[in-house]
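Structure below is coords-v3.pdb: PDB, C-alpha atoms, pLDDT in the B column.
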```
ATOM      1  CA  MET O  24      30.805  14.121  -5.072  1.00 95.00           C
ATOM      2  CA  THR O  25      27.331  15.288  -5.945  1.00 97.00           C
ATOM      3  CA  ILE O  26      23.914  13.965  -5.035  1.00 98.00           C
ATOM      4  CA  THR O  27      20.522  14.571  -6.610  1.00 98.00           C
ATOM      5  CA  ILE O  28      17.808  15.551  -4.150  1.00 98.00           C
ATOM      6  CA  LEU O  29      14.195  14.749  -4.966  1.00 98.00           C
ATOM      7  CA  ALA O  30      11.295  16.311  -3.079  1.00 98.00           C
ATOM      8  CA  PHE O  31       7.840  14.753  -3.389  1.00 98.00           C
ATOM      9  CA  ALA O  32       4.297  15.906  -2.656  1.00 96.00           C
ATOM     10  CA  GLN O  33       4.141  18.381   0.255  1.00 95.00           C
ATOM     11  CA  ALA O  34       7.934  18.347   0.527  1.00 96.00           C
ATOM     12  CA  ARG O  35       8.113  19.924  -2.923  1.00 95.00           C
ATOM     13  CA  SER O  36       6.243  23.024  -1.757  1.00 92.00           C
ATOM     14  CA  LEU O  37       8.033  23.066   1.591  1.00 92.00           C
ATOM     15  CA  PHE O  38      11.468  23.056  -0.031  1.00 93.00           C
ATOM     16  CA  GLY O  39      10.619  24.907  -3.221  1.00 93.00           C
ATOM     17  CA  PHE O  40      12.040  22.386  -5.674  1.00 95.00           C
ATOM     18  CA  SER O  41      11.245  18.968  -7.072  1.00 97.00           C
ATOM     19  CA  THR O  42      14.830  18.104  -7.945  1.00 98.00           C
ATOM     20  CA  THR O  43      18.198  19.696  -7.427  1.00 97.00           C
ATOM     21  CA  THR O  44      21.806  18.566  -7.370  1.00 97.00           C
ATOM     22  CA  VAL O  45      24.261  19.593  -4.664  1.00 96.00           C
ATOM     23  CA  SER O  46      27.863  18.954  -3.748  1.00 96.00           C
ATOM     24  CA  CYS O  47      28.454  16.803  -0.688  1.00 96.00           C
ATOM     25  CA  ASP O  48      30.813  14.376   1.040  1.00 96.00           C
ATOM     26  CA  ALA O  49      30.303  10.682   1.699  1.00 97.00           C
ATOM     27  CA  ALA O  50      30.241  11.441   5.430  1.00 96.00           C
ATOM     28  CA  ASP O  51      27.417  13.920   5.026  1.00 97.00           C
ATOM     29  CA  THR O  52      23.948  12.782   6.038  1.00 98.00           C
ATOM     30  CA  PRO O  53      20.518  13.537   4.596  1.00 98.00           C
ATOM     31  CA  ARG O  54      20.014  15.923   7.492  1.00 98.00           C
ATOM     32  CA  THR O  55      23.205  17.915   6.914  1.00 97.00           C
ATOM     33  CA  VAL O  56      22.640  18.140   3.170  1.00 97.00           C
ATOM     34  CA  VAL O  57      19.024  19.250   3.448  1.00 97.00           C
ATOM     35  CA  LEU O  58      19.711  21.735   6.234  1.00 96.00           C
ATOM     36  CA  ARG O  59      22.496  23.304   4.195  1.00 95.00           C
ATOM     37  CA  LEU O  60      19.913  23.927   1.497  1.00 93.00           C
ATOM     38  CA  VAL O  61      17.092  25.035   3.784  1.00 93.00           C
ATOM     39  CA  PRO O  62      18.426  25.806   7.281  1.00 94.00           C
ATOM     40  CA  THR O  63      14.947  26.232   8.764  1.00 93.00           C
ATOM     41  CA  ALA O  64      13.592  22.949   7.394  1.00 93.00           C
ATOM     42  CA  GLU O  65      11.503  20.915   9.828  1.00 94.00           C
ATOM     43  CA  LEU O  66      12.258  17.259   9.149  1.00 96.00           C
ATOM     44  CA  THR O  67      10.276  15.582  11.921  1.00 95.00           C
ATOM     45  CA  ALA O  68       7.320  14.548   9.767  1.00 95.00           C
ATOM     46  CA  LEU O  69       9.443  13.658   6.750  1.00 98.00           C
ATOM     47  CA  ARG O  70      11.411  10.533   5.855  1.00 98.00           C
ATOM     48  CA  ALA O  71      14.606  10.229   3.857  1.00 98.00           C
ATOM     49  CA  ALA O  72      15.592   7.625   1.271  1.00 98.00           C
ATOM     50  CA  LEU O  73      18.963   7.001  -0.344  1.00 98.00           C
ATOM     51  CA  ASP O  74      18.861   5.276  -3.721  1.00 98.00           C
ATOM     52  CA  CYS O  75      15.288   4.112  -3.091  1.00 98.00           C
ATOM     53  CA  GLU O  76      15.863   2.740   0.428  1.00 98.00           C
ATOM     54  CA  TYR O  77      14.494   4.340   3.573  1.00 98.00           C
ATOM     55  CA  VAL O  78      17.286   5.564   5.872  1.00 98.00           C
ATOM     56  CA  SER O  79      17.491   7.657   9.005  1.00 98.00           C
ATOM     57  CA  TRP O  80      18.189  11.347   8.609  1.00 98.00           C
ATOM     58  CA  ASP O  81      21.584  10.728  10.204  1.00 98.00           C
ATOM     59  CA  SER O  82      22.823   7.907   7.963  1.00 98.00           C
ATOM     60  CA  PRO O  83      26.011   8.678   6.014  1.00 98.00           C
ATOM     61  CA  LEU O  84      25.382   9.289   2.330  1.00 98.00           C
ATOM     62  CA  GLY O  85      28.196   6.952   1.315  1.00 97.00           C
ATOM     63  CA  ASP O  86      28.182   6.628  -2.449  1.00 97.00           C
ATOM     64  CA  ALA O  87      24.451   7.281  -2.862  1.00 98.00           C
ATOM     65  CA  LYS O  88      23.429   9.085  -6.033  1.00 98.00           C
ATOM     66  CA  GLU O  89      19.902  10.083  -5.035  1.00 98.00           C
ATOM     67  CA  LEU O  90      18.381  11.457  -1.840  1.00 98.00           C
ATOM     68  CA  ALA O  91      14.603  11.601  -1.640  1.00 98.00           C
ATOM     69  CA  ILE O  92      12.578  13.666   0.828  1.00 98.00           C
ATOM     70  CA  LEU O  93       9.334  11.831   1.484  1.00 98.00           C
ATOM     71  CA  PRO O  94       6.225  13.119   3.282  1.00 98.00           C
ATOM     72  CA  PRO O  95       3.856  10.607   4.896  1.00 97.00           C
ATOM     73  CA  VAL O  96       2.527   8.360   2.145  1.00 97.00           C
ATOM     74  CA  SER O  97      -1.143   8.203   1.159  1.00 94.00           C
ATOM     75  CA  GLY O  98      -1.498   5.806  -1.739  1.00 93.00           C
ATOM     76  CA  GLY O  99      -4.490   3.642  -2.517  1.00 92.00           C
TER      77      GLY O  99
ATOM     78  CA  MET D  27       4.793 -16.121  -7.105  1.00 95.00           C
ATOM     79  CA  GLU D  28       4.328 -14.006 -10.181  1.00 97.00           C
ATOM     80  CA  THR D  29       3.980 -10.288  -9.504  1.00 97.00           C
ATOM     81  CA  ILE D  30       3.008  -7.542 -11.912  1.00 97.00           C
ATOM     82  CA  ILE D  31       3.234  -3.868 -10.924  1.00 98.00           C
ATOM     83  CA  THR D  32       1.827  -1.178 -13.190  1.00 98.00           C
ATOM     84  CA  PHE D  33       1.583   2.579 -12.765  1.00 98.00           C
ATOM     85  CA  THR D  34      -0.605   4.344 -15.287  1.00 98.00           C
ATOM     86  CA  GLU D  35      -2.032   7.787 -15.926  1.00 98.00           C
ATOM     87  CA  ALA D  36      -4.876   6.265 -17.915  1.00 98.00           C
ATOM     88  CA  PRO D  37      -8.112   5.017 -16.354  1.00 98.00           C
ATOM     89  CA  ILE D  38      -7.670   1.547 -14.916  1.00 98.00           C
ATOM     90  CA  VAL D  39      -9.010  -1.185 -17.150  1.00 97.00           C
ATOM     91  CA  ILE D  40      -9.438  -4.435 -15.249  1.00 97.00           C
ATOM     92  CA  PRO D  41      -7.429  -7.060 -17.108  1.00 96.00           C
ATOM     93  CA  PRO D  42      -9.116 -10.299 -18.111  1.00 97.00           C
ATOM     94  CA  LEU D  43      -8.645 -13.157 -15.716  1.00 97.00           C
ATOM     95  CA  ASN D  44      -5.961 -15.528 -16.983  1.00 94.00           C
ATOM     96  CA  LEU D  45      -5.340 -18.367 -14.585  1.00 96.00           C
ATOM     97  CA  PRO D  46      -1.646 -19.330 -14.460  1.00 94.00           C
ATOM     98  CA  SER D  47      -2.419 -22.867 -13.334  1.00 94.00           C
ATOM     99  CA  ARG D  48      -5.224 -25.309 -12.740  1.00 95.00           C
ATOM    100  CA  GLU D  49      -4.559 -25.102  -9.000  1.00 96.00           C
ATOM    101  CA  ILE D  50      -6.002 -21.609  -8.638  1.00 98.00           C
ATOM    102  CA  GLY D  51      -9.048 -21.813  -6.407  1.00 98.00           C
ATOM    103  CA  ALA D  52      -9.449 -18.173  -5.418  1.00 98.00           C
ATOM    104  CA  SER D  53      -9.327 -14.889  -7.269  1.00 98.00           C
ATOM    105  CA  LEU D  54      -9.695 -11.882  -4.994  1.00 98.00           C
ATOM    106  CA  GLU D  55      -9.956  -8.371  -6.420  1.00 98.00           C
ATOM    107  CA  PHE D  56      -9.839  -4.959  -4.746  1.00 98.00           C
ATOM    108  CA  LEU D  57     -10.707  -1.624  -6.306  1.00 98.00           C
ATOM    109  CA  GLY D  58      -9.866   1.567  -4.485  1.00 97.00           C
ATOM    110  CA  ILE D  59     -12.232   4.295  -5.680  1.00 97.00           C
ATOM    111  CA  VAL D  60     -11.942   8.057  -5.179  1.00 96.00           C
ATOM    112  CA  ARG D  61     -14.735   9.296  -2.922  1.00 94.00           C
ATOM    113  CA  GLU D  62     -16.418  12.688  -3.074  1.00 91.00           C
ATOM    114  CA  LEU D  63     -16.119  13.575   0.612  1.00 86.00           C
ATOM    115  CA  GLU D  64     -12.742  13.975   2.299  1.00 80.00           C
ATOM    116  CA  LYS D  65     -12.711  15.510   5.787  1.00 79.00           C
ATOM    117  CA  ASP D  66     -15.985  17.351   5.087  1.00 80.00           C
ATOM    118  CA  SER D  67     -14.664  18.774   1.807  1.00 85.00           C
ATOM    119  CA  VAL D  68     -16.435  17.997  -1.452  1.00 90.00           C
ATOM    120  CA  LEU D  69     -13.866  16.872  -4.002  1.00 90.00           C
ATOM    121  CA  LYS D  70     -13.911  16.589  -7.763  1.00 93.00           C
ATOM    122  CA  GLY D  71     -11.057  14.126  -7.623  1.00 95.00           C
ATOM    123  CA  LEU D  72      -7.582  13.478  -6.319  1.00 95.00           C
ATOM    124  CA  ASN D  73      -4.154  13.926  -7.807  1.00 96.00           C
ATOM    125  CA  TYR D  74      -1.753  11.007  -7.314  1.00 97.00           C
ATOM    126  CA  GLU D  75       2.005  10.965  -7.623  1.00 98.00           C
ATOM    127  CA  ALA D  76       4.618   8.322  -6.895  1.00 98.00           C
ATOM    128  CA  TYR D  77       8.335   7.913  -6.502  1.00 98.00           C
ATOM    129  CA  GLU D  78       7.898   5.094  -8.933  1.00 98.00           C
ATOM    130  CA  SER D  79      11.292   3.400  -8.825  1.00 98.00           C
ATOM    131  CA  MET D  80      11.197   3.235  -5.036  1.00 98.00           C
ATOM    132  CA  ALA D  81       7.525   2.283  -4.945  1.00 98.00           C
ATOM    133  CA  ARG D  82       8.276  -0.715  -7.169  1.00 98.00           C
ATOM    134  CA  ARG D  83      11.138  -1.760  -4.921  1.00 98.00           C
ATOM    135  CA  VAL D  84       9.127  -1.406  -1.705  1.00 98.00           C
ATOM    136  CA  LEU D  85       6.108  -3.169  -3.191  1.00 98.00           C
ATOM    137  CA  THR D  86       8.238  -6.043  -4.449  1.00 98.00           C
ATOM    138  CA  ARG D  87       9.689  -6.503  -0.982  1.00 98.00           C
ATOM    139  CA  HIS D  88       6.221  -6.520   0.566  1.00 98.00           C
ATOM    140  CA  PHE D  89       5.013  -9.037  -2.018  1.00 98.00           C
ATOM    141  CA  GLU D  90       7.913 -11.334  -1.147  1.00 98.00           C
ATOM    142  CA  GLU D  91       7.404 -11.014   2.611  1.00 98.00           C
ATOM    143  CA  LEU D  92       3.641 -11.460   2.436  1.00 98.00           C
ATOM    144  CA  GLY D  93       3.968 -14.307  -0.042  1.00 97.00           C
ATOM    145  CA  SER D  94       6.140 -16.222   2.401  1.00 97.00           C
ATOM    146  CA  ARG D  95       3.405 -15.895   5.056  1.00 97.00           C
ATOM    147  CA  HIS D  96       0.365 -16.289   2.816  1.00 97.00           C
ATOM    148  CA  PRO D  97       1.423 -18.217  -0.286  1.00 97.00           C
ATOM    149  CA  CYS D  98      -0.277 -16.963  -3.428  1.00 97.00           C
ATOM    150  CA  GLU D  99       0.284 -17.686  -7.102  1.00 97.00           C
ATOM    151  CA  GLN D 100      -0.023 -14.262  -8.649  1.00 98.00           C
ATOM    152  CA  VAL D 101      -0.420 -10.628  -7.632  1.00 98.00           C
ATOM    153  CA  LEU D 102      -1.462  -7.986 -10.117  1.00 98.00           C
ATOM    154  CA  PHE D 103      -1.106  -4.425  -8.819  1.00 98.00           C
ATOM    155  CA  ILE D 104      -2.199  -1.370 -10.796  1.00 98.00           C
ATOM    156  CA  HIS D 105      -2.032   2.152  -9.356  1.00 98.00           C
ATOM    157  CA  ARG D 106      -3.230   5.165 -11.252  1.00 98.00           C
ATOM    158  CA  LEU D 107      -1.219   8.398 -11.193  1.00 98.00           C
ATOM    159  CA  GLY D 108      -2.178  11.950 -12.054  1.00 97.00           C
ATOM    160  CA  TRP D 109      -5.729  13.236 -11.813  1.00 96.00           C
ATOM    161  CA  VAL D 110      -8.363  10.685 -10.823  1.00 97.00           C
ATOM    162  CA  PRO D 111     -11.961  11.964 -10.804  1.00 96.00           C
ATOM    163  CA  VAL D 112     -14.440  11.004  -8.091  1.00 95.00           C
ATOM    164  CA  GLY D 113     -15.997   7.643  -8.846  1.00 96.00           C
ATOM    165  CA  GLU D 114     -13.007   6.270 -10.731  1.00 97.00           C
ATOM    166  CA  ALA D 115     -10.523   3.713  -9.454  1.00 98.00           C
ATOM    167  CA  SER D 116      -7.106   4.751  -8.228  1.00 98.00           C
ATOM    168  CA  LEU D 117      -6.042   1.216  -7.353  1.00 98.00           C
ATOM    169  CA  PHE D 118      -6.694  -2.316  -8.552  1.00 98.00           C
ATOM    170  CA  VAL D 119      -5.210  -5.414  -6.958  1.00 98.00           C
ATOM    171  CA  ARG D 120      -5.932  -9.009  -7.926  1.00 98.00           C
ATOM    172  CA  VAL D 121      -4.561 -11.894  -5.882  1.00 98.00           C
ATOM    173  CA  LEU D 122      -4.736 -15.485  -7.118  1.00 98.00           C
ATOM    174  CA  SER D 123      -4.201 -18.387  -4.753  1.00 98.00           C
ATOM    175  CA  SER D 124      -5.137 -21.993  -4.251  1.00 97.00           C
ATOM    176  CA  HIS D 125      -7.312 -21.219  -1.253  1.00 96.00           C
ATOM    177  CA  ARG D 126      -9.311 -18.119  -0.297  1.00 97.00           C
ATOM    178  CA  GLN D 127      -7.771 -17.593   3.129  1.00 98.00           C
ATOM    179  CA  GLU D 128      -4.294 -16.857   1.760  1.00 98.00           C
ATOM    180  CA  ALA D 129      -5.669 -14.390  -0.748  1.00 98.00           C
ATOM    181  CA  PHE D 130      -7.757 -12.541   1.850  1.00 98.00           C
ATOM    182  CA  LEU D 131      -4.853 -12.278   4.289  1.00 98.00           C
ATOM    183  CA  PHE D 132      -2.374 -11.263   1.596  1.00 98.00           C
ATOM    184  CA  LEU D 133      -4.625  -8.564   0.193  1.00 98.00           C
ATOM    185  CA  ASP D 134      -5.614  -7.110   3.551  1.00 97.00           C
ATOM    186  CA  ALA D 135      -1.996  -6.899   4.712  1.00 98.00           C
ATOM    187  CA  LEU D 136      -0.873  -5.462   1.387  1.00 98.00           C
ATOM    188  CA  ILE D 137      -3.357  -2.594   1.490  1.00 97.00           C
ATOM    189  CA  THR D 138      -2.302  -1.797   5.062  1.00 96.00           C
ATOM    190  CA  ARG D 139       1.346  -1.723   4.033  1.00 96.00           C
ATOM    191  CA  LEU D 140       0.547   0.343   0.964  1.00 97.00           C
ATOM    192  CA  LYS D 141      -0.683   3.081   3.263  1.00 95.00           C
ATOM    193  CA  THR D 142       2.346   2.803   5.528  1.00 95.00           C
ATOM    194  CA  ASP D 143       5.520   3.026   3.479  1.00 94.00           C
ATOM    195  CA  VAL D 144       4.977   2.779  -0.273  1.00 98.00           C
ATOM    196  CA  PRO D 145       5.943   6.201  -1.659  1.00 98.00           C
ATOM    197  CA  ILE D 146       2.691   7.215  -3.326  1.00 98.00           C
ATOM    198  CA  TRP D 147       0.815  10.381  -2.422  1.00 97.00           C
ATOM    199  CA  LYS D 148      -2.577  11.843  -3.115  1.00 96.00           C
ATOM    200  CA  SER D 149      -3.635  15.457  -2.885  1.00 93.00           C
ATOM    201  CA  ALA D 150      -6.823  17.346  -3.532  1.00 88.00           C
ATOM    202  CA  THR D 151      -5.033  20.488  -4.592  1.00 69.00           C
ATOM    203  CA  ALA D 152      -4.655  20.092  -8.362  1.00 53.00           C
ATOM    204  CA  GLY D 153      -7.391  19.367 -10.823  1.00 59.00           C
ATOM    205  CA  PRO D 154      -7.140  18.717 -14.570  1.00 62.00           C
TER     206      PRO D 154
END
```
Rendering of file as structure tokens:
Amino acid sequence: MTITILAFAQARSLFGFSTTTVSCDAADTPRTVVLRLVPTAELTALRAALDCEYVSWDSPLGDAKELAILPPVSGG
Amino acid sequence: METIITFTEAPIVIPPLNLPSREIGASLEFLGIVRELEKDSVLKGLNYEAYESMARRVLTRHFEELGSRHPCEQVLFIHRLGWVPVGEASLFVRVLSSHRQEAFLFLDALITRLKTDVPIWKSATAGP
């Protein structure tokens, strides 16, 4: 399977892309997928979302189509 | 409760007040305006971006949860994206309810939640 990864705001400059698509397995997690792309990535201050729902970095991807990397929000 | 969520790159134009029923007794409006000073830096404006599909989903959930605690008739939410110069509004929210207390509580809680988990970001790094 493949999953599209979206990086927003500061995450875009940290990871060097705004969107990319990678191969993965349903048992993969946001953490394993992102660390395969950027092994030195520091995820502590970032949140992950699968198909527009916040998840932990260690949640299985399942059949998700989209993984978002989200820095702390600052709307308003 | 009727909810309307709009993201726009154009300057926010406050919509005319159309009351959905004759039981509306309170109309509460909030404008978030870009300030010149941010952490001792003088800004010309802020650049806003959103993960719009997720922001709509998260906002809708907050509207439902807050509406069950503080019943309101209508919520109109407009957030500007892209470059917003100092002095212009980045956010407009209007809450209509039968009584003022529900509208005040709803709006206050909504703005707090907006700054907690709705995927919208501002940065001072990119001008027009």
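For the set O:Leu73, O:Leu84, O:Ala50, O:Leu66, the residue with the smallest atom-to-atom gap to chain D is O:Leu73, counting all atoms listed in the file.
Within 7 Å of chain D, and using all atoms listed in the file, the residues found on chain O are Ala32, Cys75, Val96, Ser97, Gly98 and Gly99 of chain O.
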File of the preceding selection, C-alpha atoms, as a tab-separated table (two decimals), in the coordinates of the input:
```
chain	number	residue	atom	x	y	z
O	32	ALA	CA	4.30	15.91	-2.66
O	75	CYS	CA	15.29	4.11	-3.09
O	96	VAL	CA	2.53	8.36	2.14
O	97	SER	CA	-1.14	8.20	1.16
O	98	GLY	CA	-1.50	5.81	-1.74
O	99	GLY	CA	-4.49	3.64	-2.52
```
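For Phe38 in chain O, the non-local neighbours within 10 Å, defined as residues at least 2 positions apart in the same chain or in other chains and counting all atoms listed in the file, are Ala30, Phe31, Gln33, Ala34, Arg35, Ser36, Phe40, Ser41, Thr42, Val57, Leu60, Val61, Thr63, Ala64 and Ile92 of chain O.
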C-alpha atoms of the current selection, written as a PDB file, in the frame of the given file:
```pdb
ATOM      1  CA  ALA O  30      11.295  16.311  -3.079  1.00 98.00           C
ATOM      2  CA  PHE O  31       7.840  14.753  -3.389  1.00 98.00           C
ATOM      3  CA  GLN O  33       4.141  18.381   0.255  1.00 95.00           C
ATOM      4  CA  ALA O  34       7.934  18.347   0.527  1.00 96.00           C
ATOM      5  CA  ARG O  35       8.113  19.924  -2.923  1.00 95.00           C
ATOM      6  CA  SER O  36       6.243  23.024  -1.757  1.00 92.00           C
ATOM      7  CA  PHE O  40      12.040  22.386  -5.674  1.00 95.00           C
ATOM      8  CA  SER O  41      11.245  18.968  -7.072  1.00 97.00           C
ATOM      9  CA  THR O  42      14.830  18.104  -7.945  1.00 98.00           C
ATOM     10  CA  VAL O  57      19.024  19.250   3.448  1.00 97.00           C
ATOM     11  CA  LEU O  60      19.913  23.927   1.497  1.00 93.00           C
ATOM     12  CA  VAL O  61      17.092  25.035   3.784  1.00 93.00           C
ATOM     13  CA  THR O  63      14.947  26.232   8.764  1.00 93.00           C
ATOM     14  CA  ALA O  64      13.592  22.949   7.394  1.00 93.00           C
ATOM     15  CA  ILE O  92      12.578  13.666   0.828  1.00 98.00           C
TER      16      ILE O  92
END
```
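One finds CA of Ala91 in chain O at 9.2 Å from CA of Glu76 in chain O.
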>> Quick check, in Å to one decimal: how far apart do CA of Ile28 in chain O and CA of Phe33 in chain D lie?
In response: 22.5 Å
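CA of Pro95 in chain O to CA of Ala68 in chain O spans 7.2 Å [interatomic distance, one decimal].
Counting all atoms listed in the file and comparing D:Leu72, D:Met27, D:Ile38, D:Val121, the residue that lies closest to Glu55 in chain D is D:Val121.
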>> Given the PyMOL selection byres ((chain D and resi 126) around 8) and the file above, list the residues it selects as a VMD selection string.
In response: chain D and resid 51 to 54 123 to 125 127 to 130
Keeping C-alpha atoms, export the residues of the selection given above as a PDB file, keeping the file's coordinate frame.
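Written out: part_34.pdb:
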```
ATOM      1  CA  GLY D  51      -9.048 -21.813  -6.407  1.00 98.00           C
ATOM      2  CA  ALA D  52      -9.449 -18.173  -5.418  1.00 98.00           C
ATOM      3  CA  SER D  53      -9.327 -14.889  -7.269  1.00 98.00           C
ATOM      4  CA  LEU D  54      -9.695 -11.882  -4.994  1.00 98.00           C
ATOM      5  CA  SER D 123      -4.201 -18.387  -4.753  1.00 98.00           C
ATOM      6  CA  SER D 124      -5.137 -21.993  -4.251  1.00 97.00           C
ATOM      7  CA  HIS D 125      -7.312 -21.219  -1.253  1.00 96.00           C
ATOM      8  CA  GLN D 127      -7.771 -17.593   3.129  1.00 98.00           C
ATOM      9  CA  GLU D 128      -4.294 -16.857   1.760  1.00 98.00           C
ATOM     10  CA  ALA D 129      -5.669 -14.390  -0.748  1.00 98.00           C
ATOM     11  CA  PHE D 130      -7.757 -12.541   1.850  1.00 98.00           C
TER      12      PHE D 130
END
```
So that all listed atoms of range 57-66 of chain D fit with 8 Å spare on each side, what axis-aligned box centre and edge lengths in Å, to one decimal, would you give as AutoDock Vina command-line options?
```
--center_x -13.1 --center_y 7.9 --center_z -0.3 --size_x 22.6 --size_y 35.0 --size_z 28.1
```
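Closest to Thr25 in chain O among O:Ala72, O:Leu37, O:Thr44, O:Tyr77 is O:Thr44, based on all atoms listed in the file.
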>> Here is a test: counting only C-alpha atoms, which residue of O:Ala49, O:Gly39, O:Arg54, O:Pro62 is nearest to Ala87 in chain O?
In response: O:Ala49
Name every residue that the PyMOL selection byres ((chain D and resi 103) around 7) selects in this structure, writing the answer as a compact mmCIF listing (two decimals) with C-alpha atoms, keeping the file's coordinate frame with chains first and numbers rising.
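Result file is part08.txt:
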```txt
# COMPACT_ATOMS: atom_id res chain seq x y z
CA ILE D 30 3.01 -7.54 -11.91
CA ILE D 31 3.23 -3.87 -10.92
CA THR D 32 1.83 -1.18 -13.19
CA VAL D 101 -0.42 -10.63 -7.63
CA LEU D 102 -1.46 -7.99 -10.12
CA ILE D 104 -2.20 -1.37 -10.80
CA HIS D 105 -2.03 2.15 -9.36
CA PHE D 118 -6.69 -2.32 -8.55
CA VAL D 119 -5.21 -5.41 -6.96
CA ARG D 120 -5.93 -9.01 -7.93
```
>> Which residues are close to Ser46 in chain O, i.e. within 10 Å by only C-alpha atoms, leaving aside same-chain residues fewer than 4 positions away? Reply as a list in words.
In response: Met24, Thr25, Ile26, Thr27 and Val56 of chain O
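Between Glu62 in chain D and the candidates D:Ile40, D:Val110, D:Leu122, D:Ala135, the tightest atom-to-atom separation, counting all atoms listed in the file, involves D:Val110.
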>> Just want the 10 Å neighbourhood of Pro46 in chain D, counted on all atoms listed in the file, with same-chain residues fewer than 3 positions away dropped. Output as number ranges by chain.
In response: D: 28, 43, 49-50, 99-100, 122
> Nearest to Ala36 in chain D among D:Gly108, D:Gly113, D:Pro97, D:Gly71, with distances taken over only C-alpha atoms: which residue is it?
Replying inline: D:Gly108
Selection in question (the file shown): the PyMOL selection byres ((chain D and resi 95) around 12). Which residues does it include, as a short mmCIF file (atom, residue, chain, number, x, y, z; two decimals) with C-alpha atoms, keeping the file's coordinate frame?
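In the end it all went to result-v6.cif:
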```
data_model
loop_
_atom_site.label_atom_id
_atom_site.label_comp_id
_atom_site.auth_asym_id
_atom_site.auth_seq_id
_atom_site.Cartn_x
_atom_site.Cartn_y
_atom_site.Cartn_z
CA HIS D 88 6.22 -6.52 0.57
CA PHE D 89 5.01 -9.04 -2.02
CA GLU D 90 7.91 -11.33 -1.15
CA GLU D 91 7.40 -11.01 2.61
CA LEU D 92 3.64 -11.46 2.44
CA GLY D 93 3.97 -14.31 -0.04
CA SER D 94 6.14 -16.22 2.40
CA HIS D 96 0.36 -16.29 2.82
CA PRO D 97 1.42 -18.22 -0.29
CA CYS D 98 -0.28 -16.96 -3.43
CA GLN D 127 -7.77 -17.59 3.13
CA GLU D 128 -4.29 -16.86 1.76
CA ALA D 129 -5.67 -14.39 -0.75
CA LEU D 131 -4.85 -12.28 4.29
CA PHE D 132 -2.37 -11.26 1.60
CA LEU D 133 -4.62 -8.56 0.19
CA ALA D 135 -2.00 -6.90 4.71
CA LEU D 136 -0.87 -5.46 1.39
#
```
